[in-house]
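Source file: work.csv. Holds: CSV, C-alpha atoms.
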chain,number,residue,atom,x,y,z
A,1,GLY,CA,96.6,112.8,132.4
A,2,ASN,CA,100.2,113.5,131.5
A,3,SER,CA,101.3,113.4,127.9
A,4,VAL,CA,104.3,114.3,125.8
A,5,THR,CA,104.3,115.3,122.1
A,6,GLN,CA,107.4,115.2,120.0
A,7,MET,CA,108.0,116.2,116.4
A,8,GLU,CA,107.8,113.4,113.9
A,9,GLY,CA,111.0,111.9,112.5
A,10,PRO,CA,113.2,110.8,111.0
A,11,VAL,CA,115.3,114.0,111.0
A,12,THR,CA,118.3,113.8,108.6
A,13,LEU,CA,121.0,116.4,108.9
A,14,SER,CA,124.5,117.0,107.6
A,15,GLU,CA,127.4,117.0,110.0
A,16,GLU,CA,127.8,120.4,111.8
A,17,ALA,CA,124.2,121.4,111.2
A,18,PHE,CA,122.1,122.9,113.9
A,19,LEU,CA,119.6,120.6,115.6
A,20,THR,CA,116.2,121.3,117.1
A,21,ILE,CA,113.8,118.6,118.2
A,22,ASN,CA,110.5,120.0,119.5
A,23,CYS,CA,108.8,118.7,122.6
A,24,THR,CA,105.7,119.9,124.3
A,25,TYR,CA,103.9,118.4,127.3
A,26,THR,CA,100.7,118.3,129.2
A,27,ALA,CA,100.8,117.7,132.9
A,28,THR,CA,99.2,118.5,136.2
A,29,GLY,CA,101.5,120.2,138.7
A,30,TYR,CA,105.1,120.9,138.0
A,31,PRO,CA,106.8,117.8,136.5
A,32,SER,CA,110.5,117.4,135.8
A,33,LEU,CA,111.4,117.1,132.2
A,34,PHE,CA,114.0,114.8,130.5
A,35,TRP,CA,115.6,114.0,127.3
A,36,TYR,CA,116.7,110.4,126.9
A,37,VAL,CA,118.8,109.0,124.0
A,38,GLN,CA,118.8,105.5,122.5
A,39,TYR,CA,121.7,104.4,120.4
A,40,PRO,CA,121.1,101.4,118.0
A,41,GLY,CA,120.7,98.1,119.9
A,42,GLU,CA,120.9,99.7,123.3
A,43,GLY,CA,118.6,100.8,126.1
A,44,LEU,CA,117.8,104.4,126.9
A,45,GLN,CA,120.3,106.7,128.6
A,46,LEU,CA,119.5,110.0,130.3
A,47,LEU,CA,120.9,112.9,128.2
A,48,LEU,CA,119.7,115.8,130.3
A,49,LYS,CA,117.0,117.0,132.6
A,50,ALA,CA,115.4,120.1,134.1
A,51,THR,CA,113.4,120.2,137.3
A,52,LYS,CA,111.7,123.6,137.3
A,53,ALA,CA,110.6,126.4,135.1
A,54,ASP,CA,113.4,128.3,133.3
A,55,ASP,CA,116.0,125.6,134.2
A,56,LYS,CA,118.4,124.7,131.4
A,57,GLY,CA,119.6,121.1,131.2
A,58,SER,CA,122.8,120.5,129.2
A,59,ASN,CA,125.1,117.6,128.4
A,60,LYS,CA,127.5,116.7,125.5
A,61,GLY,CA,126.6,119.9,123.7
A,62,PHE,CA,122.9,119.4,123.9
A,63,GLU,CA,120.7,121.9,125.7
A,64,ALA,CA,117.0,122.2,126.6
A,65,THR,CA,115.2,124.9,128.5
A,66,TYR,CA,112.1,124.2,130.6
A,67,ARG,CA,109.5,126.7,129.4
A,68,LYS,CA,106.4,126.7,131.6
A,69,GLU,CA,104.6,129.4,129.6
A,70,THR,CA,104.7,127.4,126.4
A,71,THR,CA,104.8,123.9,128.1
A,72,SER,CA,107.9,123.1,126.0
A,73,PHE,CA,111.3,121.5,126.4
A,74,HIS,CA,112.9,121.6,123.0
A,75,LEU,CA,116.2,119.9,122.4
A,76,GLU,CA,119.0,121.8,120.6
A,77,LYS,CA,122.6,121.3,119.6
A,78,GLY,CA,124.7,123.8,117.7
A,79,SER,CA,126.7,121.4,115.6
A,80,VAL,CA,125.7,117.7,115.3
A,81,GLN,CA,128.1,114.8,114.6
A,82,VAL,CA,127.6,111.5,113.0
A,83,SER,CA,127.9,109.9,116.4
A,84,ASP,CA,124.8,111.8,117.5
A,85,SER,CA,122.7,109.5,115.2
A,86,ALA,CA,120.2,107.9,117.6
A,87,VAL,CA,116.5,108.1,118.7
A,88,TYR,CA,115.7,110.9,121.2
A,89,PHE,CA,112.9,110.7,123.6
A,90,CYS,CA,111.3,113.5,125.6
A,91,ALA,CA,109.8,112.5,128.9
A,92,LEU,CA,108.2,113.9,132.0
A,93,SER,CA,108.1,112.5,135.5
A,94,ALA,CA,105.5,112.1,138.2
A,95,ILE,CA,107.1,110.9,141.3
A,96,THR,CA,104.7,109.1,143.5
A,97,GLY,CA,105.0,106.7,146.4
A,98,GLY,CA,105.5,104.1,143.7
A,99,GLY,CA,108.7,105.6,142.2
A,100,ASN,CA,109.4,107.7,139.2
A,101,LYS,CA,106.9,106.8,136.5
A,102,LEU,CA,108.1,108.4,133.3
A,103,THR,CA,105.7,109.4,130.5
A,104,PHE,CA,107.5,109.3,127.2
A,105,GLY,CA,107.0,110.9,123.8
A,106,THR,CA,107.0,108.7,120.7
A,107,GLY,CA,110.7,109.4,120.0
A,108,THR,CA,112.5,111.2,117.1
A,109,GLN,CA,115.1,109.4,115.1
A,110,LEU,CA,118.1,111.6,114.1
A,111,LYS,CA,120.4,110.6,111.3
A,112,VAL,CA,123.5,112.7,110.8
A,113,GLU,CA,125.4,112.3,107.5
A,114,LEU,CA,128.8,113.3,106.4
B,1,ASP,CA,126.9,101.5,133.2
B,2,ALA,CA,124.2,100.4,135.6
B,3,GLY,CA,124.3,96.7,136.3
B,4,ILE,CA,121.1,95.6,134.6
B,5,THR,CA,120.8,92.4,132.7
B,6,GLN,CA,117.8,91.3,130.7
B,7,SER,CA,117.2,87.8,129.5
B,8,PRO,CA,116.7,86.5,127.0
B,9,ARG,CA,117.8,89.2,124.6
B,10,HIS,CA,115.7,87.7,121.8
B,11,LYS,CA,112.8,85.3,121.8
B,12,VAL,CA,110.4,84.0,119.2
B,13,THR,CA,107.3,82.2,120.5
B,14,GLU,CA,103.9,81.1,119.3
B,15,THR,CA,100.5,82.6,120.1
B,16,GLY,CA,99.0,81.1,123.3
B,17,THR,CA,102.3,80.1,124.9
B,18,PRO,CA,103.5,81.5,128.3
B,19,VAL,CA,106.6,83.7,128.2
B,20,THR,CA,108.7,85.0,131.1
B,21,LEU,CA,111.2,87.8,130.7
B,22,ARG,CA,113.8,88.4,133.4
B,23,CYS,CA,115.4,91.5,134.7
B,24,HIS,CA,118.4,91.2,137.1
B,25,GLN,CA,120.1,94.2,138.7
B,26,THR,CA,123.2,94.4,140.8
B,27,GLU,CA,122.7,98.0,142.0
B,28,ASN,CA,120.3,97.2,144.9
B,29,HIS,CA,117.9,99.9,143.6
B,30,ARG,CA,114.5,99.8,145.2
B,31,TYR,CA,112.3,100.6,142.2
B,32,MET,CA,112.1,98.4,139.0
B,33,TYR,CA,110.0,98.9,135.9
B,34,TRP,CA,108.9,97.1,132.8
B,35,TYR,CA,108.3,99.2,129.7
B,36,ARG,CA,107.4,98.1,126.1
B,37,GLN,CA,108.6,100.1,123.1
B,38,ASP,CA,106.5,100.2,119.9
B,39,PRO,CA,106.8,102.4,116.8
B,40,GLY,CA,104.5,105.4,117.2
B,41,HIS,CA,104.0,104.9,120.9
B,42,GLY,CA,107.4,105.4,122.4
B,43,LEU,CA,107.8,103.6,125.7
B,44,ARG,CA,104.8,102.7,127.8
B,45,LEU,CA,104.9,101.5,131.4
B,46,ILE,CA,103.5,97.9,131.9
B,47,HIS,CA,104.2,97.3,135.6
B,48,TYR,CA,106.5,98.5,138.2
B,49,SER,CA,107.7,97.5,141.7
B,50,TYR,CA,108.5,99.6,144.7
B,51,GLY,CA,109.9,96.8,146.8
B,52,VAL,CA,110.1,93.1,147.3
B,53,LYS,CA,106.6,91.7,146.7
B,54,ASP,CA,105.2,95.2,146.1
B,55,THR,CA,104.1,95.8,142.5
B,56,ASP,CA,101.5,97.8,140.7
B,57,LYS,CA,100.1,98.3,137.2
B,58,GLY,CA,101.2,100.8,134.6
B,59,GLU,CA,99.2,102.1,131.7
B,60,VAL,CA,99.3,98.9,129.5
B,61,SER,CA,99.2,96.1,132.1
B,62,ASP,CA,96.5,93.9,130.5
B,63,GLY,CA,97.8,90.5,129.6
B,64,TYR,CA,100.9,90.8,131.7
B,65,SER,CA,101.8,89.9,135.3
B,66,VAL,CA,104.9,90.5,137.3
B,67,SER,CA,106.7,89.1,140.4
B,68,ARG,CA,109.5,90.4,142.6
B,69,SER,CA,110.6,87.9,145.2
B,70,LYS,CA,114.1,89.4,145.6
B,71,THR,CA,115.4,92.9,145.3
B,72,GLU,CA,117.6,92.0,142.3
B,73,ASP,CA,115.0,90.2,140.2
B,74,PHE,CA,111.9,91.4,138.5
B,75,LEU,CA,110.0,89.0,136.2
B,76,LEU,CA,107.5,89.9,133.5
B,77,THR,CA,105.1,87.1,132.4
B,78,LEU,CA,102.9,86.9,129.5
B,79,GLU,CA,100.4,84.2,130.5
B,80,SER,CA,99.2,83.5,127.0
B,81,ALA,CA,101.2,85.5,124.4
B,82,THR,CA,99.4,87.3,121.6
B,83,SER,CA,100.7,88.9,118.4
B,84,SER,CA,99.9,92.3,119.8
B,85,GLN,CA,102.6,91.7,122.5
B,86,THR,CA,105.3,91.5,119.8
B,87,SER,CA,107.5,94.4,121.0
B,88,VAL,CA,110.8,95.4,122.6
B,89,TYR,CA,110.7,95.1,126.3
B,90,PHE,CA,112.9,97.3,128.6
B,91,CYS,CA,113.6,97.0,132.3
B,92,ALA,CA,114.5,100.0,134.2
B,93,ILE,CA,115.6,100.8,137.8
B,94,SER,CA,115.7,103.8,140.0
B,95,GLU,CA,116.2,104.9,143.6
B,96,PRO,CA,113.7,106.8,145.8
B,97,LYS,CA,113.6,110.5,145.2
B,98,ASN,CA,116.0,110.1,142.3
B,99,GLU,CA,114.3,110.8,139.0
B,100,LYS,CA,117.0,109.2,136.9
B,101,LEU,CA,116.1,105.8,135.4
B,102,PHE,CA,118.7,103.3,134.3
B,103,PHE,CA,117.6,101.0,131.5
B,104,GLY,CA,118.6,97.5,130.4
B,105,SER,CA,119.5,96.7,126.8
B,106,GLY,CA,116.0,95.3,126.0
B,107,THR,CA,114.4,92.0,125.0
B,108,GLN,CA,113.1,91.7,121.4
B,109,LEU,CA,110.0,89.4,121.6
B,110,SER,CA,108.2,88.1,118.5
B,111,VAL,CA,104.9,86.3,118.9
B,112,LEU,CA,103.9,84.5,115.8
Rewrite the structure from the file as structure tokens, please.
Amino acid sequence: GNSVTQMEGPVTLSEEAFLTINCTYTATGYPSLFWYVQYPGEGLQLLLKATKADDKGSNKGFEATYRKETTSFHLEKGSVQVSDSAVYFCALSAITGGGNKLTFGTGTQLKVEL
Amino acid sequence: DAGITQSPRHKVTETGTPVTLRCHQTENHRYMYWYRQDPGHGLRLIHYSYGVKDTDKGEVSDGYSVSRSKTEDFLLTLESATSSQTSVYFCAISEPKNEKLFFGSGTQLSVL
């Protein structure tokens, strides 16, 4: 079956530091890959996505590249801000006749300090 | 923000009691989902619906049932709550062929 593995958190960084959150996946076929972000007390929001190999998703300074050869989709940001403090979830999709059923990783909490 | 309202936002109940959580959307999206979020597990799919009266099980459906009598409402019922069902429950919606899910703000359920 499908699965997503994320690096353990929490990750604590100083403001303006470089961020990498690792994500690898196991899936049959060619899934789409996503990063969702959850701010405290809120639901998840789509941060970025990539639908095929070598695609790069980007949003709000975050980037992730779909690497089929390493089955990875690592999230990066060159300079984090305190406002980036949140939980980040990597996910893959399997669209079937019953909609888009996402498989999520366990989430990585990011804390950015001044 | 997508128009998704979950109710209640917080609930404390006792083991063995029935509990119903409600998800209401104003987006007229066809697909609706219930997920639970637990530390160390991320989000796991409980049940989903692909239309009025059309529902199916997700990966952790035991102990849960759902109903969708109208496009806008998707109910999750715990027939006899257990402590293992203490969790944060999220509703999500999406459209056919659109991979983006929109999530509600969640319901914190505690079963004592």
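Neighbouring residues of B:Arg36 at 6 Å or closer, counting only C-alpha atoms and skipping chain neighbours under 5 positions away, are B:Leu43, B:Arg44, B:Val88, B:Tyr89.
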Review point. Between A:Leu44, A:Val80, A:Val87, A:Leu13, which one has atoms that come closest to A:Phe62, using only C-alpha atoms?
Key: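 For A:Phe62, the nearest of the candidates is A:Val80.
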Any idea what's packed within 8 Å of B:Thr20, counting only C-alpha atoms, ignoring anything in its chain fewer than 6 positions away? Could you give it as a CSV table (one decimal) with C-alpha atoms, in the coordinates of the input?
chain,number,residue,atom,x,y,z
B,75,LEU,CA,110.0,89.0,136.2
B,76,LEU,CA,107.5,89.9,133.5
B,77,THR,CA,105.1,87.1,132.4
B,78,LEU,CA,102.9,86.9,129.5
Per residue of chain B within 9 Å of chain A, which atom pair is closest and at what distance in Å (one decimal), using all atoms listed in the file, listed by chain and increasing number, as a tab-separated table?
residue	atom	partner	partner_atom	distance
B:Arg30	CA	A:Gly99	CA	8.7
B:Tyr31	CA	A:Gly99	CA	6.2
B:Met32	CA	A:Gly99	CA	8.6
B:Tyr33	CA	A:Lys101	CA	8.5
B:Asp38	CA	A:Thr106	CA	8.6
B:Pro39	CA	A:Thr106	CA	7.4
B:Gly40	CA	A:Thr106	CA	5.4
B:His41	CA	A:Thr106	CA	4.8
B:Gly42	CA	A:Thr106	CA	3.7
B:Leu43	CA	A:Phe104	CA	5.9
B:Arg44	CA	A:Phe104	CA	7.2
B:Leu45	CA	A:Lys101	CA	7.6
B:Tyr48	CA	A:Gly98	CA	7.9
B:Ser49	CA	A:Gly98	CA	7.2
B:Tyr50	CA	A:Gly98	CA	5.5
B:Thr55	CA	A:Gly98	CA	8.5
B:Asp56	CA	A:Gly98	CA	8.0
B:Gly58	CA	A:Lys101	CA	8.5
B:Phe90	CA	A:Gly43	CA	7.1
B:Cys91	CA	A:Gly43	CA	8.8
B:Ser94	CA	A:Asn100	CA	7.5
B:Glu95	CA	A:Gly99	CA	7.7
B:Pro96	CA	A:Gly99	CA	6.3
B:Lys97	CA	A:Gly99	CA	7.6
B:Asn98	CA	A:Asn100	CA	7.7
B:Glu99	CA	A:Asn100	CA	5.8
B:Lys100	CA	A:Leu46	CA	7.1
B:Leu101	CA	A:Leu46	CA	7.4
B:Phe102	CA	A:Gln45	CA	6.8
B:Phe103	CA	A:Gly43	CA	5.5
B:Gly104	CA	A:Gly43	CA	5.4
B:Ser105	CA	A:Gly43	CA	4.3
B:Gly106	CA	A:Gly43	CA	6.1
Point to revise | Spatial neighbours of stretch 20-22 of chain A, max dist 10 Å, all atoms listed in the file, sep filter under 6 positions, as a list in words | key: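 Result of the neighbour search: Thr5, Gln6, Met7, Glu8, Gly9, Val11, Phe62, Glu63, Ala64, Ser72, Phe73, His74, Leu75, Glu76, Lys77, Gly78, Tyr88, Phe89, Cys90, Gly107, Thr108, Gln109 and Leu110 of chain A.
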Exercise for review: Rounded to one decimal place, report the atom CA of A:Asp54-atom CA of A:Tyr25 distance in Å.
Suggested key: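 We find that atom CA of A:Asp54 and atom CA of A:Tyr25 lie 15.0 Å from each other.
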Check your understanding: Leaving out B:Glu79 and any residue of its chain fewer than 6 positions from it, which residues lie within 8 Å of it when counting only C-alpha atoms, given as a VMD selection string?
Key -> chain B and resid 16 to 19 63 to 65
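Computed from the coordinates, the atom CA of B:Thr86 to atom CA of A:Val4 distance equals 23.6 Å.
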Practice item. Considering only C-alpha atoms, return as a list in words whatever protein or nucleic-acid residues lie within 8 Å of A:Glu15, sequence-local ones (same chain, fewer than 6 positions apart) excluded. Key: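 Counting only C-alpha atoms, the residues come to Ser79, Val80, Gln81, Val82, Val112, Glu113 and Leu114 of chain A.
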Suppose we keep C-alpha atoms; can you now write the selection as an mmCIF file, keeping the file's coordinate frame?
data_model
loop_
_atom_site.group_PDB
_atom_site.id
_atom_site.type_symbol
_atom_site.label_atom_id
_atom_site.label_comp_id
_atom_site.auth_asym_id
_atom_site.auth_seq_id
_atom_site.Cartn_x
_atom_site.Cartn_y
_atom_site.Cartn_z
ATOM 1 C CA SER A 79 126.700 121.400 115.600
ATOM 2 C CA VAL A 80 125.700 117.700 115.300
ATOM 3 C CA GLN A 81 128.100 114.800 114.600
ATOM 4 C CA VAL A 82 127.600 111.500 113.000
ATOM 5 C CA VAL A 112 123.500 112.700 110.800
ATOM 6 C CA GLU A 113 125.400 112.300 107.500
ATOM 7 C CA LEU A 114 128.800 113.300 106.400
#
Review point. What separation in Å, quoted to one decimal, exists between atom CA of B:Phe74 and atom CA of A:Val37?
Key: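 Computing the Euclidean distance for atom CA of B:Phe74 and atom CA of A:Val37 yields 23.8 Å.
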Review point. Taking (121.6, 95.9, 144.2) in the file's coordinates, which residues come within 9 Å, counting all atoms listed in the file, written as a ChimeraX atom specification?
Key: /B:3,25-30,71-72
Study note, to complete from the structure: Judged by all atoms listed in the file, the minimum distance to A:Pro40 among A:Thr26, A:Ser83, A:Thr12, A:Asn2 is found for A:Ser83
Exercise for review: Give the answer as one residue: which of A:Thr65, A:Lys60, A:Tyr39, A:Asp84 has the shortest atom-to-atom distance to A:Glu16, using only C-alpha atoms?
Suggested key: A:Asp84
